[in-house]
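A short worksheet on the structure shown next.
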Amino acid sequence: MGALGRVGSEVTAAAKAFLRRRTAVFFTFFFPAIIILIFGALVQTQPTGGGLFTEPAGYYVPGYLAVVVLFTPLSRVGSEVARHREGNRFEKLATTPLSRAEWLLAQTIVNVGIIGAAAVLILVLVVLVTGAAGSLTPSPLLLPFIALAVALFCGLGAILGRIADSQDGVVAASNGIALPLLFLSETFVPPDLLPAWFAPYRYLSPLTYFARGIREATYRPPGQLASFTPNANVFEASGPLLELGVLSALAVVFFVAGAYAIPNTD
(Lines give C-alpha, C1' and ligand atoms only; values in the text may rest on other atoms or scores of the structure.)
Protein backbone atom coordinates (compact mmCIF):
# COMPACT_ATOMS: atom_id res chain seq x y z
CA MET A 1 0.00 0.00 0.00
CA GLY A 2 1.35 3.39 -0.99
CA ALA A 3 1.35 6.57 1.09
CA LEU A 4 -1.95 7.72 -0.42
CA GLY A 5 -3.62 4.44 0.51
CA ARG A 6 -2.23 4.51 4.05
CA VAL A 7 -3.41 8.06 4.62
CA GLY A 8 -6.81 7.28 3.10
CA SER A 9 -7.30 4.28 5.36
CA GLU A 10 -6.37 6.30 8.43
CA VAL A 11 -8.72 9.11 7.35
CA THR A 12 -11.60 6.62 7.17
CA ALA A 13 -10.76 5.20 10.60
CA ALA A 14 -10.39 8.65 12.19
CA ALA A 15 -13.68 9.87 10.69
CA LYS A 16 -15.56 6.83 12.03
CA ALA A 17 -13.94 7.29 15.44
CA PHE A 18 -15.12 10.91 15.53
CA LEU A 19 -18.70 10.06 14.56
CA ARG A 20 -18.85 7.43 17.31
CA ARG A 21 -18.13 10.10 19.94
CA ARG A 22 -21.43 11.91 20.21
CA THR A 23 -20.09 14.42 22.73
CA ALA A 24 -17.37 15.49 20.31
CA VAL A 25 -19.92 15.88 17.51
CA PHE A 26 -22.17 17.94 19.77
CA PHE A 27 -19.52 20.40 20.89
CA THR A 28 -18.01 20.74 17.42
CA PHE A 29 -21.27 21.73 15.75
CA PHE A 30 -23.51 23.06 18.50
CA PHE A 31 -21.13 24.92 20.82
CA PRO A 32 -20.38 27.58 18.16
CA ALA A 33 -24.12 27.81 17.46
CA ILE A 34 -24.74 28.53 21.15
CA ILE A 35 -22.05 31.23 21.09
CA ILE A 36 -23.68 32.87 18.07
CA LEU A 37 -27.13 32.75 19.68
CA ILE A 38 -25.82 34.28 22.90
CA PHE A 39 -23.65 37.03 21.47
CA GLY A 40 -25.34 37.54 18.12
CA ALA A 41 -29.01 37.28 19.05
CA LEU A 42 -29.13 38.15 22.77
CA VAL A 43 -26.22 40.52 23.39
CA GLN A 44 -26.13 41.84 19.80
CA THR A 45 -23.77 44.48 18.47
CA GLN A 46 -24.07 48.15 19.33
CA PRO A 47 -21.94 50.12 16.86
CA THR A 48 -23.00 53.44 18.35
CA GLY A 49 -22.76 52.39 21.99
CA GLY A 50 -20.02 51.40 24.38
CA GLY A 51 -18.81 48.02 25.52
CA LEU A 52 -17.31 44.98 23.87
CA PHE A 53 -19.57 44.45 20.83
CA THR A 54 -19.20 47.91 19.28
CA GLU A 55 -18.52 46.80 15.70
CA PRO A 56 -21.03 45.69 13.02
CA ALA A 57 -22.03 42.02 13.13
CA GLY A 58 -19.81 41.06 10.19
CA TYR A 59 -16.71 42.13 12.11
CA TYR A 60 -17.09 39.20 14.52
CA VAL A 61 -17.33 36.42 11.92
CA PRO A 62 -13.59 35.57 12.34
CA GLY A 63 -14.21 35.18 16.06
CA TYR A 64 -17.07 32.74 15.55
CA LEU A 65 -14.98 30.73 13.07
CA ALA A 66 -12.00 30.83 15.44
CA VAL A 67 -14.01 28.95 18.08
CA VAL A 68 -14.01 25.74 16.03
CA VAL A 69 -10.73 26.35 14.21
CA LEU A 70 -8.92 26.70 17.54
CA PHE A 71 -10.66 24.49 20.10
CA THR A 72 -11.54 21.45 17.99
CA PRO A 73 -8.07 20.57 16.60
CA LEU A 74 -6.31 21.25 19.89
CA SER A 75 -8.60 19.05 21.95
CA ARG A 76 -9.28 16.32 19.35
CA VAL A 77 -5.73 15.72 18.15
CA GLY A 78 -4.22 16.24 21.59
CA SER A 79 -6.67 13.78 23.16
CA GLU A 80 -6.12 11.30 20.32
CA VAL A 81 -2.35 11.37 20.86
CA ALA A 82 -2.81 10.94 24.62
CA ARG A 83 -5.31 8.11 24.04
CA HIS A 84 -2.91 6.33 21.71
CA ARG A 85 -0.13 6.66 24.26
CA GLU A 86 -2.27 5.28 27.08
CA GLY A 87 -3.36 2.34 24.94
CA ASN A 88 0.13 1.66 23.56
CA ARG A 89 -1.25 2.13 20.07
CA PHE A 90 1.80 4.00 18.79
CA GLU A 91 3.88 0.94 19.57
CA LYS A 92 1.54 -1.08 17.34
CA LEU A 93 1.52 1.57 14.61
CA ALA A 94 5.32 1.51 14.60
CA THR A 95 5.13 -2.03 13.20
CA THR A 96 3.15 -0.75 10.18
CA PRO A 97 4.35 1.37 7.22
CA LEU A 98 2.27 4.32 8.48
CA SER A 99 4.62 7.16 9.41
CA ARG A 100 4.05 9.79 12.09
CA ALA A 101 3.60 12.52 9.47
CA GLU A 102 1.06 10.39 7.59
CA TRP A 103 -0.88 9.73 10.79
CA LEU A 104 -1.00 13.45 11.60
CA LEU A 105 -1.90 14.30 7.99
CA ALA A 106 -4.87 11.92 8.18
CA GLN A 107 -6.03 13.50 11.44
CA THR A 108 -5.66 16.94 9.87
CA ILE A 109 -7.72 15.98 6.81
CA VAL A 110 -10.54 14.71 9.01
CA ASN A 111 -10.45 17.87 11.09
CA VAL A 112 -10.49 20.07 7.98
CA GLY A 113 -13.61 18.27 6.78
CA ILE A 114 -15.35 18.45 10.16
CA ILE A 115 -14.44 22.08 10.80
CA GLY A 116 -15.25 23.06 7.23
CA ALA A 117 -18.78 21.71 7.71
CA ALA A 118 -19.03 23.50 11.05
CA ALA A 119 -17.83 26.74 9.41
CA VAL A 120 -20.62 26.54 6.83
CA LEU A 121 -23.13 26.14 9.66
CA ILE A 122 -21.59 29.10 11.49
CA LEU A 123 -21.75 31.38 8.44
CA VAL A 124 -25.38 30.46 7.78
CA LEU A 125 -26.34 31.10 11.41
CA VAL A 126 -24.45 34.38 11.53
CA VAL A 127 -26.31 35.66 8.48
CA LEU A 128 -29.70 34.45 9.73
CA VAL A 129 -29.34 35.42 13.39
CA THR A 130 -27.20 38.56 13.39
CA GLY A 131 -28.13 40.11 10.05
CA ALA A 132 -24.48 40.32 9.04
CA ALA A 133 -25.15 39.78 5.33
CA GLY A 134 -24.88 43.49 4.62
CA SER A 135 -21.31 43.65 5.94
CA LEU A 136 -20.00 40.40 4.43
CA THR A 137 -18.78 39.48 0.99
CA PRO A 138 -17.95 35.97 -0.29
CA SER A 139 -14.26 35.17 -0.67
CA PRO A 140 -12.42 32.19 -2.18
CA LEU A 141 -9.79 32.64 0.54
CA LEU A 142 -12.06 31.28 3.27
CA LEU A 143 -11.22 27.63 2.57
CA PRO A 144 -7.40 27.98 2.54
CA PHE A 145 -7.47 30.11 5.69
CA ILE A 146 -9.55 27.50 7.52
CA ALA A 147 -7.50 24.55 6.20
CA LEU A 148 -4.16 26.13 7.12
CA ALA A 149 -5.34 27.18 10.58
CA VAL A 150 -6.65 23.69 11.24
CA ALA A 151 -3.33 22.15 10.16
CA LEU A 152 -1.47 24.56 12.43
CA PHE A 153 -3.52 23.77 15.51
CA CYS A 154 -3.52 20.05 14.75
CA GLY A 155 0.27 20.25 14.96
CA LEU A 156 0.05 22.15 18.23
CA GLY A 157 -2.47 19.62 19.53
CA ALA A 158 -0.06 16.79 18.75
CA ILE A 159 2.63 18.59 20.75
CA LEU A 160 0.23 18.97 23.70
CA GLY A 161 -0.67 15.29 23.45
CA ARG A 162 3.01 14.39 23.72
CA ILE A 163 3.71 16.74 26.64
CA ALA A 164 0.56 16.15 28.72
CA ASP A 165 0.48 13.06 30.92
CA SER A 166 -3.18 12.17 30.25
CA GLN A 167 -6.28 13.07 28.25
CA ASP A 168 -7.45 15.27 31.13
CA GLY A 169 -4.12 17.03 31.01
CA VAL A 170 -4.57 17.67 27.30
CA VAL A 171 -8.02 19.19 27.84
CA ALA A 172 -6.70 21.46 30.60
CA ALA A 173 -3.67 22.52 28.55
CA SER A 174 -5.69 23.13 25.38
CA ASN A 175 -8.24 25.26 27.24
CA GLY A 176 -5.46 27.16 28.98
CA ILE A 177 -3.92 28.02 25.60
CA ALA A 178 -7.09 28.46 23.55
CA LEU A 179 -9.04 30.81 25.81
CA PRO A 180 -6.39 33.58 25.95
CA LEU A 181 -5.72 33.24 22.22
CA LEU A 182 -9.43 33.46 21.41
CA PHE A 183 -9.88 36.84 23.06
CA LEU A 184 -6.46 38.41 22.47
CA SER A 185 -6.03 37.72 18.74
CA GLU A 186 -8.24 40.37 17.13
CA THR A 187 -11.28 38.10 17.12
CA PHE A 188 -13.95 39.42 19.49
CA VAL A 189 -11.93 42.22 21.11
CA PRO A 190 -10.95 45.08 18.74
CA PRO A 191 -7.29 46.17 19.09
CA ASP A 192 -8.25 49.67 20.26
CA LEU A 193 -9.85 48.18 23.38
CA LEU A 194 -6.54 46.62 24.46
CA PRO A 195 -3.68 48.49 26.21
CA ALA A 196 -1.19 50.14 23.87
CA TRP A 197 1.72 48.17 25.36
CA PHE A 198 0.03 44.91 24.37
CA ALA A 199 -0.22 45.75 20.65
CA PRO A 200 3.07 44.07 19.55
CA TYR A 201 2.23 40.86 21.41
CA ARG A 202 -0.86 40.27 19.28
CA TYR A 203 1.40 39.16 16.46
CA LEU A 204 2.83 36.33 18.54
CA SER A 205 -0.51 34.55 18.22
CA PRO A 206 -1.05 32.48 15.05
CA LEU A 207 -4.77 33.07 15.47
CA THR A 208 -4.21 36.79 14.84
CA TYR A 209 -3.19 36.12 11.25
CA PHE A 210 -6.23 33.89 10.75
CA ALA A 211 -8.64 36.48 12.17
CA ARG A 212 -7.07 39.41 10.31
CA GLY A 213 -7.00 37.50 7.03
CA ILE A 214 -10.61 36.34 7.27
CA ARG A 215 -11.74 39.85 8.20
CA GLU A 216 -9.78 41.51 5.40
CA ALA A 217 -11.15 38.99 2.91
CA THR A 218 -14.81 38.98 3.92
CA TYR A 219 -15.70 42.00 6.06
CA ARG A 220 -17.09 45.10 4.37
CA PRO A 221 -17.28 48.08 6.73
CA PRO A 222 -20.37 50.25 6.30
CA GLY A 223 -20.00 52.60 3.37
CA GLN A 224 -16.88 50.89 2.02
CA LEU A 225 -16.20 48.43 -0.76
CA ALA A 226 -15.08 44.91 0.09
CA SER A 227 -11.36 44.51 0.76
CA PHE A 228 -11.26 41.44 -1.46
CA THR A 229 -13.45 40.11 -4.23
CA PRO A 230 -12.73 37.43 -6.84
CA ASN A 231 -12.09 40.21 -9.39
CA ALA A 232 -9.92 42.38 -7.16
CA ASN A 233 -6.46 43.28 -8.36
CA VAL A 234 -3.30 42.21 -6.60
CA PHE A 235 -2.99 45.43 -4.62
CA GLU A 236 -6.51 45.13 -3.25
CA ALA A 237 -5.86 41.50 -2.32
CA SER A 238 -2.40 42.07 -0.81
CA GLY A 239 -3.77 42.35 2.73
CA PRO A 240 -5.40 38.92 3.10
CA LEU A 241 -2.77 37.30 0.88
CA LEU A 242 -0.03 38.56 3.19
CA GLU A 243 -1.81 37.10 6.21
CA LEU A 244 -2.32 33.86 4.25
CA GLY A 245 1.41 33.65 3.54
CA VAL A 246 2.32 34.10 7.21
CA LEU A 247 -0.28 31.54 8.25
CA SER A 248 1.05 29.07 5.65
CA ALA A 249 4.58 29.34 7.02
CA LEU A 250 3.39 28.89 10.59
CA ALA A 251 1.22 25.92 9.59
CA VAL A 252 4.22 24.14 8.07
CA VAL A 253 6.35 24.80 11.17
CA PHE A 254 3.71 23.57 13.62
CA PHE A 255 2.77 20.56 11.49
CA VAL A 256 6.39 19.41 11.22
CA ALA A 257 6.91 19.98 14.95
CA GLY A 258 3.71 18.07 15.74
CA ALA A 259 4.70 15.13 13.52
CA TYR A 260 8.10 15.03 15.19
CA ALA A 261 6.49 15.12 18.65
CA ILE A 262 4.39 12.01 17.97
CA PRO A 263 6.22 9.08 19.62
CA ASN A 264 7.37 6.12 17.56
CA THR A 265 6.78 3.83 20.51
CA ASP A 266 5.39 4.25 24.03
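Simple scheme: letters A, B, ... for chains in C-alpha coordinates order, numbers from 1 for residues in each chain, numbers from 1 for ligands in the order shown.
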
Looking only at helix (DSSP H, G or I) from DSSP on the backbone, list the matching residues of stretch 8-249 of chain A as a ChimeraX atom specification.
/A:8-20,22-43,57-86,89-93,100-130,132-135,142-163,167-183,191-193,196-204,206-218,234-249

Can you tell me which residues surround stretch 95-102 of chain A at a distance of at most 10 Å, considering only C-alpha atoms, apart from same-chain residues fewer than 4 positions away, and format the answer as a PDB file with N, CA, C and O atoms, in the first residue's frame?
ATOM      1  N   MET A   1       0.840  -1.194   0.000  1.00  0.00           N
ATOM      2  CA  MET A   1       0.000   0.000   0.000  1.00  0.00           C
ATOM      3  C   MET A   1       0.872   1.240   0.000  1.00  0.00           C
ATOM      4  O   MET A   1       1.806   1.354   0.807  1.00  0.00           O
ATOM      5  N   GLY A   2       0.572   2.171  -0.914  1.00  0.00           N
ATOM      6  CA  GLY A   2       1.348   3.392  -0.985  1.00  0.00           C
ATOM      7  C   GLY A   2       0.936   4.390   0.078  1.00  0.00           C
ATOM      8  O   GLY A   2       0.003   4.159   0.866  1.00  0.00           O
ATOM      9  N   ALA A   3       1.629   5.543   0.086  1.00  0.00           N
ATOM     10  CA  ALA A   3       1.354   6.569   1.090  1.00  0.00           C
ATOM     11  C   ALA A   3      -0.085   7.069   0.994  1.00  0.00           C
ATOM     12  O   ALA A   3      -0.749   7.296   2.015  1.00  0.00           O
ATOM     13  N   LEU A   4      -0.584   7.239  -0.244  1.00  0.00           N
ATOM     14  CA  LEU A   4      -1.952   7.720  -0.419  1.00  0.00           C
ATOM     15  C   LEU A   4      -2.960   6.743   0.167  1.00  0.00           C
ATOM     16  O   LEU A   4      -3.923   7.144   0.839  1.00  0.00           O
ATOM     17  N   GLY A   5      -2.725   5.446  -0.044  1.00  0.00           N
ATOM     18  CA  GLY A   5      -3.624   4.437   0.512  1.00  0.00           C
ATOM     19  C   GLY A   5      -3.564   4.387   2.025  1.00  0.00           C
ATOM     20  O   GLY A   5      -4.599   4.224   2.695  1.00  0.00           O
ATOM     21  N   ARG A   6      -2.359   4.528   2.576  1.00  0.00           N
ATOM     22  CA  ARG A   6      -2.225   4.508   4.046  1.00  0.00           C
ATOM     23  C   ARG A   6      -2.944   5.697   4.675  1.00  0.00           C
ATOM     24  O   ARG A   6      -3.664   5.545   5.669  1.00  0.00           O
ATOM     25  N   VAL A   7      -2.753   6.875   4.087  1.00  0.00           N
ATOM     26  CA  VAL A   7      -3.412   8.064   4.621  1.00  0.00           C
ATOM     27  C   VAL A   7      -4.926   7.942   4.467  1.00  0.00           C
ATOM     28  O   VAL A   7      -5.687   8.286   5.381  1.00  0.00           O
ATOM     29  N   GLY A   8      -5.370   7.442   3.320  1.00  0.00           N
ATOM     30  CA  GLY A   8      -6.808   7.285   3.100  1.00  0.00           C
ATOM     31  C   GLY A   8      -7.442   6.334   4.095  1.00  0.00           C
ATOM     32  O   GLY A   8      -8.546   6.593   4.608  1.00  0.00           O
ATOM     33  N   GLU A  10      -6.359   5.653   7.121  1.00  0.00           N
ATOM     34  CA  GLU A  10      -6.366   6.303   8.431  1.00  0.00           C
ATOM     35  C   GLU A  10      -7.424   7.396   8.501  1.00  0.00           C
ATOM     36  O   GLU A  10      -8.039   7.609   9.556  1.00  0.00           O
ATOM     37  N   VAL A  11      -7.653   8.097   7.393  1.00  0.00           N
ATOM     38  CA  VAL A  11      -8.717   9.109   7.348  1.00  0.00           C
ATOM     39  C   VAL A  11     -10.069   8.460   7.618  1.00  0.00           C
ATOM     40  O   VAL A  11     -10.878   8.965   8.408  1.00  0.00           O
ATOM     41  N   PHE A  90       0.677   3.559  19.621  1.00  0.00           N
ATOM     42  CA  PHE A  90       1.796   3.998  18.786  1.00  0.00           C
ATOM     43  C   PHE A  90       2.838   2.896  18.640  1.00  0.00           C
ATOM     44  O   PHE A  90       3.523   2.802  17.621  1.00  0.00           O
ATOM     45  N   GLU A  91       2.959   2.067  19.661  1.00  0.00           N
ATOM     46  CA  GLU A  91       3.875   0.938  19.568  1.00  0.00           C
ATOM     47  C   GLU A  91       3.406  -0.038  18.487  1.00  0.00           C
ATOM     48  O   GLU A  91       4.206  -0.610  17.747  1.00  0.00           O
ATOM     49  N   ALA A 106      -3.526  12.490   8.210  1.00  0.00           N
ATOM     50  CA  ALA A 106      -4.875  11.916   8.181  1.00  0.00           C
ATOM     51  C   ALA A 106      -5.771  12.594   9.211  1.00  0.00           C
ATOM     52  O   ALA A 106      -6.932  12.920   8.922  1.00  0.00           O
ATOM     53  N   GLN A 107      -5.250  12.809  10.420  1.00  0.00           N
ATOM     54  CA  GLN A 107      -6.031  13.505  11.441  1.00  0.00           C
ATOM     55  C   GLN A 107      -6.375  14.919  10.999  1.00  0.00           C
ATOM     56  O   GLN A 107      -7.483  15.422  11.242  1.00  0.00           O
ATOM     57  N   THR A 108      -5.439  15.577  10.331  1.00  0.00           N
ATOM     58  CA  THR A 108      -5.661  16.941   9.866  1.00  0.00           C
ATOM     59  C   THR A 108      -6.745  16.980   8.797  1.00  0.00           C
ATOM     60  O   THR A 108      -7.610  17.864   8.806  1.00  0.00           O
ATOM     61  N   PHE A 255       3.068  21.916  11.938  1.00  0.00           N
ATOM     62  CA  PHE A 255       2.765  20.561  11.495  1.00  0.00           C
ATOM     63  C   PHE A 255       4.000  19.676  11.594  1.00  0.00           C
ATOM     64  O   PHE A 255       3.930  18.534  12.079  1.00  0.00           O
ATOM     65  N   VAL A 256       5.143  20.185  11.139  1.00  0.00           N
ATOM     66  CA  VAL A 256       6.387  19.410  11.220  1.00  0.00           C
ATOM     67  C   VAL A 256       6.748  19.132  12.676  1.00  0.00           C
ATOM     68  O   VAL A 256       7.133  18.010  13.040  1.00  0.00           O
ATOM     69  N   ALA A 257       6.612  20.164  13.533  1.00  0.00           N
ATOM     70  CA  ALA A 257       6.911  19.981  14.953  1.00  0.00           C
ATOM     71  C   ALA A 257       5.960  18.965  15.588  1.00  0.00           C
ATOM     72  O   ALA A 257       6.375  18.135  16.411  1.00  0.00           O
ATOM     73  N   GLY A 258       4.673  19.023  15.194  1.00  0.00           N
ATOM     74  CA  GLY A 258       3.709  18.074  15.737  1.00  0.00           C
ATOM     75  C   GLY A 258       3.994  16.650  15.299  1.00  0.00           C
ATOM     76  O   GLY A 258       3.895  15.714  16.099  1.00  0.00           O
ATOM     77  N   ALA A 259       4.366  16.471  14.015  1.00  0.00           N
ATOM     78  CA  ALA A 259       4.699  15.129  13.519  1.00  0.00           C
ATOM     79  C   ALA A 259       5.930  14.577  14.226  1.00  0.00           C
ATOM     80  O   ALA A 259       5.997  13.385  14.555  1.00  0.00           O
ATOM     81  N   TYR A 260       6.893  15.453  14.493  1.00  0.00           N
ATOM     82  CA  TYR A 260       8.100  15.028  15.190  1.00  0.00           C
ATOM     83  C   TYR A 260       7.794  14.667  16.640  1.00  0.00           C
ATOM     84  O   TYR A 260       8.439  13.771  17.218  1.00  0.00           O
ATOM     85  N   ALA A 261       6.811  15.358  17.236  1.00  0.00           N
ATOM     86  CA  ALA A 261       6.489  15.116  18.653  1.00  0.00           C
ATOM     87  C   ALA A 261       5.763  13.794  18.872  1.00  0.00           C
ATOM     88  O   ALA A 261       5.780  13.260  19.975  1.00  0.00           O
ATOM     89  N   ILE A 262       5.113  13.264  17.835  1.00  0.00           N
ATOM     90  CA  ILE A 262       4.387  12.007  17.972  1.00  0.00           C
ATOM     91  C   ILE A 262       5.384  10.888  18.240  1.00  0.00           C
ATOM     92  O   ILE A 262       6.330  10.706  17.453  1.00  0.00           O
ATOM     93  N   PRO A 263       5.225  10.120  19.295  1.00  0.00           N
ATOM     94  CA  PRO A 263       6.222   9.081  19.616  1.00  0.00           C
ATOM     95  C   PRO A 263       6.155   7.909  18.636  1.00  0.00           C
ATOM     96  O   PRO A 263       5.085   7.540  18.145  1.00  0.00           O
ATOM     97  N   ASN A 264       7.313   7.343  18.365  1.00  0.00           N
ATOM     98  CA  ASN A 264       7.370   6.116  17.556  1.00  0.00           C
ATOM     99  C   ASN A 264       6.840   4.925  18.346  1.00  0.00           C
ATOM    100  O   ASN A 264       6.113   4.083  17.838  1.00  0.00           O
ATOM    101  N   THR A 265       7.236   4.871  19.608  1.00  0.00           N
ATOM    102  CA  THR A 265       6.780   3.831  20.513  1.00  0.00           C
ATOM    103  C   THR A 265       6.436   4.478  21.842  1.00  0.00           C
ATOM    104  O   THR A 265       6.731   5.649  22.067  1.00  0.00           O
TER     105      THR A 265
END

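For the choices A:Ala217, A:Val170, A:Leu136, A:Ala211, the atom-to-atom distance to A:Gly157 is smallest for A:Val170 when using only C-alpha atoms.
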
So which one's closest to A:Glu86, A:Ala164, A:Ala119, A:Leu65, A:Ala251? Using only C-alpha atoms, please.
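Closest candidate: A:Ala164.
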
What is the distance between atom CA of A:Gly116 and atom CA of A:Arg162, in Å to one decimal?
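One can read the atom CA of A:Gly116 to atom CA of A:Arg162 distance as 26.1 Å.
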
Calculated over only C-alpha atoms, which of the candidates A:Pro56, A:Pro191, A:Gly134, A:Pro73 has the smallest distance to A:Ala158?
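For A:Ala158, the nearest of the candidates is A:Pro73.
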
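Candidate residues A:Trp103, A:Asp165, A:Phe188, A:Leu207 were compared for distance to A:Ala13, and the nearest is A:Trp103, using only C-alpha atoms.
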
Between A:Gly87, A:Pro62, A:Pro221, A:Pro180, which is the closest to A:Ser205 once you count only C-alpha atoms?
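Checking each candidate against A:Ser205, we get A:Pro180 as the closest.
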
Do you know which residues are at most 7 Å from stretch 25-37 of chain A counting only C-alpha atoms, after dropping those on the same chain fewer than 5 positions away, and could you put them as a PyMOL selection string?
chain A and resi 19+42+64+67-68+72+118+122+126

Could you save those same residues with N, CA and C atoms as a PDB file, in the first residue's frame?
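Output file selection11.pdb is given in full below:
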ATOM      1  N   LEU A  19     -17.242  10.177  14.600  1.00  0.00           N
ATOM      2  CA  LEU A  19     -18.698  10.062  14.557  1.00  0.00           C
ATOM      3  C   LEU A  19     -19.231   9.190  15.687  1.00  0.00           C
ATOM      4  N   LEU A  42     -28.754  37.585  21.471  1.00  0.00           N
ATOM      5  CA  LEU A  42     -29.132  38.146  22.766  1.00  0.00           C
ATOM      6  C   LEU A  42     -28.365  39.420  23.103  1.00  0.00           C
ATOM      7  N   TYR A  64     -16.216  33.928  15.527  1.00  0.00           N
ATOM      8  CA  TYR A  64     -17.067  32.739  15.551  1.00  0.00           C
ATOM      9  C   TYR A  64     -16.370  31.559  14.886  1.00  0.00           C
ATOM     10  N   VAL A  67     -13.597  29.867  17.002  1.00  0.00           N
ATOM     11  CA  VAL A  67     -14.006  28.955  18.081  1.00  0.00           C
ATOM     12  C   VAL A  67     -13.758  27.506  17.668  1.00  0.00           C
ATOM     13  N   VAL A  68     -14.196  27.126  16.457  1.00  0.00           N
ATOM     14  CA  VAL A  68     -14.008  25.737  16.030  1.00  0.00           C
ATOM     15  C   VAL A  68     -12.619  25.501  15.461  1.00  0.00           C
ATOM     16  N   THR A  72     -11.343  22.822  18.445  1.00  0.00           N
ATOM     17  CA  THR A  72     -11.539  21.448  17.986  1.00  0.00           C
ATOM     18  C   THR A  72     -10.231  20.728  17.665  1.00  0.00           C
ATOM     19  N   ALA A 118     -18.607  22.638   9.952  1.00  0.00           N
ATOM     20  CA  ALA A 118     -19.034  23.501  11.053  1.00  0.00           C
ATOM     21  C   ALA A 118     -18.964  24.971  10.659  1.00  0.00           C
ATOM     22  N   ILE A 122     -21.813  27.825  10.782  1.00  0.00           N
ATOM     23  CA  ILE A 122     -21.591  29.098  11.485  1.00  0.00           C
ATOM     24  C   ILE A 122     -21.943  30.284  10.600  1.00  0.00           C
ATOM     25  N   VAL A 126     -24.811  32.978  11.344  1.00  0.00           N
ATOM     26  CA  VAL A 126     -24.449  34.384  11.528  1.00  0.00           C
ATOM     27  C   VAL A 126     -25.308  35.275  10.645  1.00  0.00           C
TER      28      VAL A 126
END

Which residue, A:Asp168, A:Ala66, A:Val127, A:Val77, has the smallest gap to A:Ser185 when you use only C-alpha atoms?
A:Ala66
